[in-house]
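Containing JSON, C-alpha atoms and all ligand atoms: data.json.
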[["chain", "number", "residue", "atom", "x", "y", "z"],
["A", 1499, "MET", "CA", 4.14, -5.56, -18.90],
["A", 1500, "SER", "CA", 2.58, -6.46, -15.56],
["A", 1501, "ARG", "CA", -0.45, -4.59, -14.29],
["A", 1502, "ILE", "CA", 0.46, -2.38, -11.33],
["A", 1503, "THR", "CA", -2.07, -1.94, -8.52],
["A", 1504, "LEU", "CA", -1.74, 0.30, -5.49],
["A", 1505, "ILE", "CA", -3.67, -0.97, -2.49],
["A", 1506, "ALA", "CA", -4.22, 1.21, 0.59],
["A", 1507, "ALA", "CA", -6.63, 2.22, 3.34],
["A", 1508, "VAL", "CA", -7.13, 5.99, 3.21],
["A", 1509, "GLY", "CA", -9.07, 8.53, 5.22],
["A", 1510, "PRO", "CA", -11.15, 11.44, 3.90],
["A", 1511, "ASN", "CA", -8.07, 13.69, 4.06],
["A", 1512, "LEU", "CA", -5.78, 11.03, 2.56],
["A", 1513, "GLU", "CA", -4.67, 9.77, 6.00],
["A", 1514, "LEU", "CA", -2.52, 6.61, 5.87],
["A", 1515, "GLY", "CA", -0.26, 6.34, 8.88],
["A", 1516, "ARG", "CA", 0.75, 7.67, 12.27],
["A", 1517, "ASP", "CA", 3.90, 7.02, 14.33],
["A", 1518, "GLY", "CA", 5.02, 4.28, 11.93],
["A", 1519, "GLY", "CA", 1.73, 2.36, 12.14],
["A", 1520, "LEU", "CA", -1.68, 2.32, 10.49],
["A", 1521, "VAL", "CA", -4.32, 4.92, 11.36],
["A", 1522, "TYR", "CA", -7.20, 2.52, 10.74],
["A", 1523, "ASN", "CA", -7.37, -1.04, 12.02],
["A", 1524, "ILE", "CA", -10.42, -2.73, 10.53],
["A", 1525, "LYS", "CA", -10.50, -6.53, 10.66],
["A", 1526, "ALA", "CA", -12.49, -6.88, 7.43],
["A", 1527, "ASP", "CA", -9.97, -4.61, 5.71],
["A", 1528, "MET", "CA", -7.09, -6.84, 6.81],
["A", 1529, "ARG", "CA", -8.94, -9.83, 5.31],
["A", 1530, "HIS", "CA", -9.62, -7.88, 2.10],
["A", 1531, "PHE", "CA", -5.92, -6.92, 1.88],
["A", 1532, "LYS", "CA", -4.86, -10.54, 2.38],
["A", 1533, "ASP", "CA", -7.35, -11.91, -0.19],
["A", 1534, "THR", "CA", -6.47, -9.25, -2.78],
["A", 1535, "THR", "CA", -2.70, -9.52, -2.51],
["A", 1536, "MET", "CA", -2.35, -13.30, -1.96],
["A", 1537, "GLY", "CA", -0.23, -14.95, -4.65],
["A", 1538, "HIS", "CA", 0.98, -11.64, -6.09],
["A", 1539, "PRO", "CA", 4.34, -9.99, -5.52],
["A", 1540, "ILE", "CA", 4.05, -7.13, -3.03],
["A", 1541, "ILE", "CA", 6.33, -4.09, -3.18],
["A", 1542, "MET", "CA", 6.80, -1.90, -0.12],
["A", 1543, "GLY", "CA", 9.06, 0.70, 1.44],
["A", 1544, "ARG", "CA", 11.47, -0.35, 4.16],
["A", 1545, "LYS", "CA", 9.46, 1.49, 6.86],
["A", 1546, "THR", "CA", 6.24, -0.30, 5.96],
["A", 1547, "PHE", "CA", 8.05, -3.64, 6.05],
["A", 1548, "GLU", "CA", 9.39, -2.84, 9.51],
["A", 1549, "SER", "CA", 5.86, -2.06, 10.72],
["A", 1550, "PHE", "CA", 4.77, -5.70, 10.21],
["A", 1551, "PRO", "CA", 4.70, -7.50, 13.57],
["A", 1552, "LYS", "CA", 5.72, -10.89, 12.12],
["A", 1553, "GLY", "CA", 8.01, -9.85, 9.26],
["A", 1554, "ALA", "CA", 7.46, -10.97, 5.65],
["A", 1555, "LEU", "CA", 3.86, -11.69, 4.63],
["A", 1556, "PRO", "CA", 3.37, -15.36, 3.67],
["A", 1557, "GLY", "CA", 2.22, -16.57, 0.22],
["A", 1558, "ARG", "CA", 3.58, -13.51, -1.59],
["A", 1559, "ARG", "CA", 6.99, -12.40, -2.90],
["A", 1560, "ASN", "CA", 7.96, -9.59, -0.49],
["A", 1561, "ILE", "CA", 10.07, -6.95, -2.27],
["A", 1562, "VAL", "CA", 11.37, -4.20, 0.01],
["A", 1563, "ILE", "CA", 12.73, -0.94, -1.40],
["A", 1564, "THR", "CA", 15.68, 0.54, 0.50],
["A", 1565, "ARG", "CA", 18.75, 2.63, -0.24],
["A", 1566, "ASN", "CA", 20.68, 0.44, 2.22],
["A", 1567, "ARG", "CA", 22.40, -2.20, 0.09],
["A", 1568, "ASP", "CA", 23.19, -4.32, 3.17],
["A", 1569, "TYR", "CA", 19.56, -4.50, 4.29],
["A", 1570, "THR", "CA", 18.28, -8.01, 4.78],
["A", 1571, "ALA", "CA", 15.53, -9.90, 6.63],
["A", 1572, "PRO", "CA", 14.05, -13.39, 6.38],
["A", 1573, "GLY", "CA", 11.64, -13.92, 3.49],
["A", 1574, "ILE", "CA", 12.33, -10.70, 1.58],
["A", 1575, "GLU", "CA", 14.12, -9.55, -1.52],
["A", 1576, "THR", "CA", 15.42, -5.99, -1.65],
["A", 1577, "ALA", "CA", 15.49, -3.43, -4.44],
["A", 1578, "ALA", "CA", 17.39, -0.12, -4.56],
["A", 1579, "SER", "CA", 14.63, 1.77, -6.37],
["A", 1580, "LEU", "CA", 10.97, 1.49, -7.38],
["A", 1581, "ASP", "CA", 12.05, 0.68, -10.95],
["A", 1582, "GLU", "CA", 14.26, -2.14, -9.76],
["A", 1583, "ALA", "CA", 11.43, -3.50, -7.59],
["A", 1584, "ILE", "CA", 8.97, -3.46, -10.51],
["A", 1585, "THR", "CA", 11.48, -5.17, -12.80],
["A", 1586, "LEU", "CA", 12.08, -7.89, -10.20],
["A", 1587, "ALA", "CA", 8.37, -8.44, -9.61],
["A", 1588, "SER", "CA", 7.49, -8.43, -13.33],
["A", 1589, "SER", "CA", 9.71, -11.43, -13.93],
["A", 1590, "THR", "CA", 7.24, -13.75, -12.20],
["A", 1591, "ALA", "CA", 3.83, -12.09, -12.31],
["A", 1592, "ASP", "CA", 1.17, -10.43, -14.44],
["A", 1593, "GLU", "CA", -0.04, -8.37, -11.50],
["A", 1594, "ILE", "CA", 2.06, -6.44, -9.01],
["A", 1595, "MET", "CA", 0.68, -5.02, -5.76],
["A", 1596, "ILE", "CA", 2.27, -1.91, -4.28],
["A", 1597, "ILE", "CA", 1.37, -1.81, -0.61],
["A", 1598, "GLY", "CA", 2.93, 1.42, 0.72],
["A", 1599, "GLY", "CA", 3.79, 3.46, 2.52],
["A", 1600, "GLY", "CA", 3.46, 7.15, 1.82],
["A", 1601, "ALA", "CA", 6.84, 7.65, 0.14],
["A", 1602, "VAL", "CA", 6.38, 4.64, -2.13],
["A", 1603, "TYR", "CA", 2.76, 5.46, -3.07],
["A", 1604, "ALA", "CA", 3.81, 9.05, -3.91],
["A", 1605, "GLU", "CA", 6.34, 7.78, -6.44],
["A", 1606, "ALA", "CA", 4.40, 4.76, -7.67],
["A", 1607, "ILE", "CA", 1.01, 6.36, -8.39],
["A", 1608, "ALA", "CA", 2.36, 7.70, -11.71],
["A", 1609, "ARG", "CA", 3.14, 4.08, -12.72],
["A", 1610, "ALA", "CA", -0.11, 2.53, -11.51],
["A", 1611, "ASP", "CA", -2.93, 1.10, -13.64],
["A", 1612, "ARG", "CA", -5.38, 0.62, -10.80],
["A", 1613, "LEU", "CA", -6.04, 1.75, -7.22],
["A", 1614, "ILE", "CA", -7.81, -0.52, -4.75],
["A", 1615, "LEU", "CA", -8.68, 1.70, -1.82],
["A", 1616, "THR", "CA", -10.44, 1.14, 1.44],
["A", 1617, "GLU", "CA", -11.98, 4.58, 1.84],
["A", 1618, "VAL", "CA", -12.66, 5.39, 5.49],
["A", 1619, "ASP", "CA", -15.05, 8.27, 6.20],
["A", 1620, "ASP", "CA", -13.68, 9.17, 9.64],
["A", 1621, "PRO", "CA", -10.84, 11.72, 9.67],
["A", 1622, "CYS", "CA", -7.64, 11.20, 11.65],
["A", 1623, "PRO", "CA", -6.26, 14.68, 12.39],
["A", 1624, "ASP", "CA", -2.90, 13.51, 13.75],
["A", 1625, "ALA", "CA", -1.94, 11.29, 10.79],
["A", 1626, "ASP", "CA", 1.66, 11.98, 9.74],
["A", 1627, "THR", "CA", 1.70, 9.99, 6.47],
["A", 1628, "LEU", "CA", -0.66, 10.70, 3.58],
["A", 1629, "PHE", "CA", -1.71, 9.02, 0.33],
["A", 1630, "PRO", "CA", -1.15, 11.17, -2.78],
["A", 1631, "GLU", "CA", -4.16, 13.18, -4.04],
["A", 1632, "TYR", "CA", -5.96, 10.90, -6.54],
["A", 1633, "ARG", "CA", -9.54, 12.01, -7.03],
["A", 1634, "ALA", "CA", -8.93, 14.32, -10.02],
["A", 1635, "ASP", "CA", -6.95, 11.82, -12.09],
["A", 1636, "TRP", "CA", -8.75, 8.56, -11.36],
["A", 1637, "THR", "CA", -12.24, 7.29, -12.16],
["A", 1638, "LEU", "CA", -14.22, 5.22, -9.69],
["A", 1639, "THR", "CA", -15.12, 1.96, -11.48],
["A", 1640, "ASP", "CA", -16.38, -0.19, -8.64],
["A", 1641, "THR", "CA", -17.41, 0.28, -5.03],
["A", 1642, "THR", "CA", -19.14, -1.59, -2.24],
["A", 1643, "GLU", "CA", -21.78, -0.08, 0.02],
["A", 1644, "THR", "CA", -20.44, 1.96, 2.93],
["A", 1645, "VAL", "CA", -20.58, -0.17, 6.07],
["A", 1646, "THR", "CA", -19.73, 0.32, 9.75],
["A", 1647, "ASP", "CA", -16.99, -1.76, 11.35],
["A", 1648, "PRO", "CA", -18.61, -3.24, 14.47],
["A", 1649, "ALA", "CA", -15.42, -3.14, 16.54],
["A", 1650, "THR", "CA", -14.27, 0.43, 15.85],
["A", 1651, "GLY", "CA", -17.39, 2.18, 14.56],
["A", 1652, "LEU", "CA", -15.40, 3.32, 11.49],
["A", 1653, "ARG", "CA", -17.43, 3.72, 8.28],
["A", 1654, "TYR", "CA", -15.70, 2.44, 5.14],
["A", 1655, "ARG", "CA", -16.11, 0.97, 1.65],
["A", 1656, "PHE", "CA", -13.87, -0.87, -0.83],
["A", 1657, "ALA", "CA", -13.39, 1.15, -4.02],
["A", 1658, "THR", "CA", -11.55, 0.52, -7.28],
["A", 1659, "TYR", "CA", -10.25, 3.31, -9.52],
["A", 1660, "GLN", "CA", -8.86, 3.27, -13.05],
["A", 1661, "ARG", "CA", -6.74, 6.08, -14.44],
["A", 1662, "ARG", "CA", -8.78, 8.78, -16.21],
["A", 1663, "HIS", "CA", -7.73, 9.10, -19.88],
["B", 1, "LIG", "N1", -3.02, 2.92, 5.25],
["B", 1, "LIG", "C1", -2.34, 2.08, 4.51],
["B", 1, "LIG", "O1", -2.89, 1.37, 3.68],
["B", 1, "LIG", "C2", -0.86, 1.99, 4.70],
["B", 1, "LIG", "C3", -0.11, 1.10, 3.89],
["B", 1, "LIG", "C4", 1.27, 1.03, 4.07],
["B", 1, "LIG", "C5", 1.88, 1.82, 5.04],
["B", 1, "LIG", "N2", 1.12, 2.66, 5.78],
["B", 1, "LIG", "C6", 1.76, 3.53, 6.80],
["B", 1, "LIG", "O2", 2.68, 4.39, 6.14],
["B", 1, "LIG", "C7", 3.75, 4.70, 7.03],
["B", 1, "LIG", "C8", 5.07, 4.36, 6.36],
["B", 1, "LIG", "O3", 5.20, 5.16, 5.18],
["B", 1, "LIG", "P1", 6.51, 6.05, 4.94],
["B", 1, "LIG", "O4", 6.23, 7.00, 3.82],
["B", 1, "LIG", "O5", 6.96, 6.63, 6.25],
["B", 1, "LIG", "O6", 7.62, 4.97, 4.57],
["B", 1, "LIG", "P2", 7.67, 3.83, 3.41],
["B", 1, "LIG", "O7", 7.21, 4.40, 2.11],
["B", 1, "LIG", "O8", 7.03, 2.59, 3.91],
["B", 1, "LIG", "O9", 9.24, 3.53, 3.40],
["B", 1, "LIG", "C9", 10.14, 4.58, 3.13],
["B", 1, "LIG", "C10", 11.51, 3.97, 2.94],
["B", 1, "LIG", "O10", 11.51, 3.17, 1.76],
["B", 1, "LIG", "C11", 12.73, 3.35, 1.06],
["B", 1, "LIG", "N3", 12.46, 4.05, -0.20],
["B", 1, "LIG", "C12", 11.33, 4.72, -0.55],
["B", 1, "LIG", "N4", 11.44, 5.20, -1.82],
["B", 1, "LIG", "C13", 12.64, 4.79, -2.26],
["B", 1, "LIG", "C14", 13.35, 4.94, -3.50],
["B", 1, "LIG", "N5", 12.81, 5.61, -4.54],
["B", 1, "LIG", "N6", 14.57, 4.40, -3.63],
["B", 1, "LIG", "C15", 15.12, 3.69, -2.60],
["B", 1, "LIG", "N7", 14.51, 3.52, -1.40],
["B", 1, "LIG", "C16", 13.29, 4.06, -1.24],
["B", 1, "LIG", "C17", 13.63, 4.15, 1.99],
["B", 1, "LIG", "O11", 14.21, 3.17, 2.84],
["B", 1, "LIG", "P3", 15.66, 3.38, 3.53],
["B", 1, "LIG", "O12", 15.47, 4.49, 4.54],
["B", 1, "LIG", "O13", 15.95, 2.06, 4.14],
["B", 1, "LIG", "O14", 16.62, 3.75, 2.43],
["B", 1, "LIG", "C18", 12.62, 5.00, 2.75],
["B", 1, "LIG", "O15", 13.11, 5.48, 3.99],
["B", 1, "LIG", "C19", 3.51, 3.87, 8.30],
["B", 1, "LIG", "O16", 2.81, 4.68, 9.24],
["B", 1, "LIG", "C20", 2.61, 2.77, 7.79],
["B", 1, "LIG", "O17", 1.81, 2.19, 8.81],
["B", 1, "LIG", "C21", -0.23, 2.76, 5.64]]
Would you mind giving the structure from this file in structure tokens?
Ligand SMILES: NC(=O)c1ccc[n+]([C@@H]2O[C@H](COP(=O)([O-])OP(=O)(O)OC[C@H]3O[C@@H](n4cnc5c(N)ncnc54)[C@H](OP(=O)(O)O)[C@@H]3O)[C@@H](O)[C@H]2O)c1
Amino acid sequence: MSRITLIAAVGPNLELGRDGGLVYNIKADMRHFKDTTMGHPIIMGRKTFESFPKGALPGRRNIVITRNRDYTAPGIETAASLDEAITLASSTADEIMIIGGGAVYAEAIARADRLILTEVDDPCPDADTLFPEYRADWTLTDTTETVTDPATGLRYRFATYQRRH
């Protein structure tokens, strides 16, 4: 069975998104996301896919979950459920990355082996999409120092969690 990783940037109150876009835009986080997911299949909800300015992300199998059986776009495969998406992705990879958004993380966290989170210390009170509560069920196994993004002033760190047994 493939290892399932959820990767997300989350605020102190689990903030993820606002008005269909990201709440935090940190250049180093974008690089970290690209480096971590490159070469692995990525699974996402249809709304997250539609938030990408240039469509499918290169160098990765893009698997989009939607209930719309006619949905199609260049460079993607579609799946009608999370299970179907995981089955598709498992056929070619040992490691699957689930990249959002809120609806997909909420369902997928029960299936995940690992969380890779960019934890941002600054709250975003008008976020409308949240990451599921994770701190009680997951153990922090690795983290970087907290640093300040020079462009935005946001303070953040990269953290890895494994499920608590
Ligand atoms: N901070 C981060 O790291 C991060 C990462 C990703 C996204 N985001 C943000 O999160 C927000 C989007 O999240 P969201 O919760 O609104 O939407 P989403 O999870 O990206 O997509 C939801 C859509 O996915 C499909 N879907 C989800 N679960 C399904 C299931 N079990 N079976 C079949 N289809 C399913 C449905 O598509 P259909 O309606 O087509 O049926 C549903 O409307 C945006 O603001 C985005 O920027 C943040």
*Residues within 6 Å of ligand LIG 1 (chain B), counting all atoms listed in the file, as a PyMOL selection string*: chain A and resi 1506-1508+1514-1520+1543-1546+1563-1566+1578-1580+1597-1602+1627
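The gap separating atom CA of A:Glu1631 from atom CA of A:Leu1652 is 21.6 Å, in Å to one decimal.
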*Out of A:Arg1559, A:Arg1633, A:Arg1653, A:His1538, which residue has the shortest atom-to-atom distance to A:Thr1503 when counting all atoms listed in the file?*
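Of A:Arg1559, A:Arg1633, A:Arg1653, A:His1538, the one nearest A:Thr1503, counting all atoms listed in the file, is A:His1538.
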*Leaving out stretch 1635-1646 of chain A and any residue of its chain fewer than 6 positions from it, which residues lie within 8 Å of it when counting all atoms listed in the file, given as a PyMOL selection string?*
chain A and resi 1652-1662
*Near A:Ile1502, counting all atoms listed in the file, which residues have an atom at most 8 Å away, once you skip same-chain residues fewer than 2 positions from it, shown as a VMD selection string?*
chain A and resid 1500 1504 1593 to 1596 1609 to 1612
